[in-house]
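**Student:** Below: one structure in structure tokens.
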Amino acid sequence: MNPRALRALVLLSAAAPVIYGCGSAEGNRQAEAPPPAQVVHEQDLSIVQVDHPEQFPLSAAVARESRSALVVTGVVQPEISRNVPVITMATGRVIAVDARLGDRVEKGQTLLSIRSDDVSSGYSAYRKAVADEALAGAQLVRAKDLIAHGAISMNDLQIAQDAEDKAKVDVETAEEHLRLLGNDPTVPNGVVDIVAPISGVITDQQVTNAGGVQALGTNPFTISDLSKVWVICDVYENDLASVNLGETADIRLNAYPNRLLAGTISNIGEILDPAIRTAKVRIEVSNPGLIRVGMFATATFNGLHRETHTVVPASAVLHLHDRNWVYVAADGNRFRRQEIASGELLPDQMQEVLSGLEPGQKVVEKALNLQNALDNK
């Protein structure tokens, strides 16, 4: 081997360990596990810090004991026993309608007028009965005079007396028939005036001008006495234990949410709706004059067992993004915004809190002031 080739072989042998060593180090690094990831916690966005917390007075939440309440929705309906149909005993054609659906009417007020052949026939029968009675009366007077002179027998007098008695019955019957039709027998008239049997509101109308009316057929009107009404509610099967006959319920109308009315449970349906598993509960309510048939209402049934809820000033509750919040005092000059479930508004501008806050916790008395201060930063 020549000297040049020998020198190249020596150089190659010296470089081999270096190349091998580099490959081994790279493989070792790939085999090692990656270092653990470091998690950085973000700042709690519900915590706010203020420079002068003394500008936001605190109020301690207190406990309030109250009865459990069940709130359901219902609709106002007229009391069935106070619905009076307007009927007519005469068949005829309507010539005038003096009242309309929804009108308030008084007892004896004319509602509509009918031209009827029944009335014309009634007057004809009445006049004939009066004429027959006059003839029978004259014959009875003559018979009494004749028997006094012995000109006729007692049997003839009895026949005359019988004819007079029957003629009077016919007159009385014809007269009563005309009064039943709605007319005065002493004032001949072919028109019948239909009047309101009671005072109330017309809640149904089945007649129009020039229409026909059948005796004891379709009722032209229905009048409802709305001095007392029903609120019919749907109560779920699982809540029926909270409802008892004779108990009171608080009624609020959707149209007048600030007016509180008192009602009494008068009936609990015996049959459940198989589709939604509810029973009809009927509440009797005195109408102060603002309840309308068909109005939606909310009924609150106050249960027998008591519950304890938290109470805070109403100004401490902040309504934001369709939710209710309070600012609870934290350590130092910090406050925590905390979501709550609010209940009903109580007297003295206090607010019931159903969940989210415990008695004894201190909240900012005027949450809106703190929120405005934060928004202006």
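Here's how to read the names in the structure tokens: chain A, B, ... by the order shown, residue numbers from 1 in each chain, ligand numbers from 1 in the order shown.
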According to DSSP computed on the backbone, where in range 78-194 of chain A is there helix (DSSP H, G or I)? Give the residues as JSON, numbers by chain.
**Tutor:** {"A": [80, 81, 82, 117, 118, 119, 120, 121, 122, 123, 124, 125, 126, 127, 128, 129, 130, 131, 132, 133, 134, 135, 136, 137, 138, 139, 140, 141, 142, 143, 144, 145, 146, 147, 148, 154, 155, 156, 157, 158, 159, 160, 161, 162, 163, 164, 165, 166, 167, 168, 169, 170, 171, 172, 173, 174, 175, 176, 177, 178, 179, 180, 181]}
**Student:** A:Asn333, A:Ser59, A:Asn83, A:Ser286: which is nearest Pro313 in chain A, counting only C-alpha atoms?
**Tutor:**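 When distances to Pro313 in chain A are compared using only C-alpha atoms, the smallest one comes from A:Ser59.
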**Student:** Which residue is closest to Gln361 in chain A? Choose from A:Ala60, A:Ile47, A:Asp348, A:Asn258 and count only C-alpha atoms.
**Tutor:**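 The closest residue to Gln361 in chain A is A:Ala60.
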**Student:** For Ile80 in chain A, list every protein, DNA or RNA residue within 10 Å, evaluated using only C-alpha atoms, and leave out those in the same chain fewer than 6 positions away; present the list as a PDB file with N, CA and C atoms, in the first residue's frame.
**Tutor:**
ATOM      1  N   SER A 224    -124.040  38.452  31.332  1.00  0.00           N
ATOM      2  CA  SER A 224    -123.258  37.916  32.450  1.00  0.00           C
ATOM      3  C   SER A 224    -123.116  38.975  33.536  1.00  0.00           C
ATOM      4  N   ASP A 225    -123.401  38.548  34.747  1.00  0.00           N
ATOM      5  CA  ASP A 225    -123.151  39.402  35.904  1.00  0.00           C
ATOM      6  C   ASP A 225    -121.687  39.203  36.302  1.00  0.00           C
ATOM      7  N   VAL A 229    -116.229  36.723  39.257  1.00  0.00           N
ATOM      8  CA  VAL A 229    -115.759  35.968  38.100  1.00  0.00           C
ATOM      9  C   VAL A 229    -114.952  34.762  38.581  1.00  0.00           C
ATOM     10  N   TRP A 230    -114.620  33.903  37.636  1.00  0.00           N
ATOM     11  CA  TRP A 230    -113.761  32.754  37.896  1.00  0.00           C
ATOM     12  C   TRP A 230    -112.412  32.965  37.238  1.00  0.00           C
TER      13      TRP A 230
END
**Student:** Which residue is closest to Val285 in chain A? Choose from A:Gly92, A:Pro347, A:Pro78, A:Pro185 and count only C-alpha atoms.
**Tutor:**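 Going through A:Gly92, A:Pro347, A:Pro78, A:Pro185 one by one, the smallest distance to Val285 in chain A is for A:Pro78.
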**Student:** Could you tell me which of A:Ser120, A:Gln139, A:Gln77, A:Thr173 comes closest to Ala160 in chain A if we count only C-alpha atoms?
**Tutor:**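 Under the stated criterion, the closest residue is A:Gln139.
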**Student:** Write out as a PyMOL selection string each polymer residue whose atoms come within 10 Å of range 351-354 of chain A, counting only C-alpha atoms; drop sequence neighbours fewer than 2 positions from it.
**Tutor:** chain A and resi 61-64+308-317+324+340-349+356-359
**Student:** Using only C-alpha atoms for the distances, tell me which of A:Val130, A:Val326, A:Val84, A:Ala167 is nearest to Ser355 in chain A.
**Tutor:**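 Closest residue, counting only C-alpha atoms: A:Val326.
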**Student:** Given the choices A:Asp117, A:Glu307, A:Glu175, A:Asp250, which gets closest to Val71 in chain A if the distance is worked out from only C-alpha atoms?
**Tutor:**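 Smallest distance to Val71 in chain A is found for A:Asp250.
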**Student:** I'd like the neighbourhood of Asn238 in chain A as number ranges by chain, where a residue qualifies if any of its atoms comes within 9 Å (using only C-alpha atoms), though same-chain residues fewer than 3 positions away should be ignored.
**Tutor:** A: 235, 241-242, 277-278
**Student:** Could you please determine the separation between CA of Lys107 in chain A and CA of Val119 in chain A in Å, to one decimal place?
**Tutor:**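 Spanning CA of Lys107 in chain A to CA of Val119 in chain A is a straight-line distance of 23.1 Å.
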**Student:** With a distance cut-off of 10 Å and only C-alpha atoms, select the neighbouring residues of Asn183 in chain A, excluding the residue or stretch itself and same-chain residues fewer than 6 positions from it, and output the selection as a count of residues only.
**Tutor:** 12
**Student:** Tell me, as a list in words, which residues lie within 7 Å of Leu58 in chain A, counting only C-alpha atoms; anything in the same chain fewer than 4 positions away does not count.
**Tutor:** Lys362, Val363, Val364 and Glu365 of chain A
**Student:** Any chance you could export the current selection's C-alpha atoms as a tab-separated table (two decimals), in the first residue's frame?
**Tutor:**
chain	number	residue	atom	x	y	z
A	362	LYS	CA	-72.81	41.84	53.05
A	363	VAL	CA	-73.79	43.33	49.72
A	364	VAL	CA	-73.44	46.76	48.18
A	365	GLU	CA	-76.64	48.57	49.07
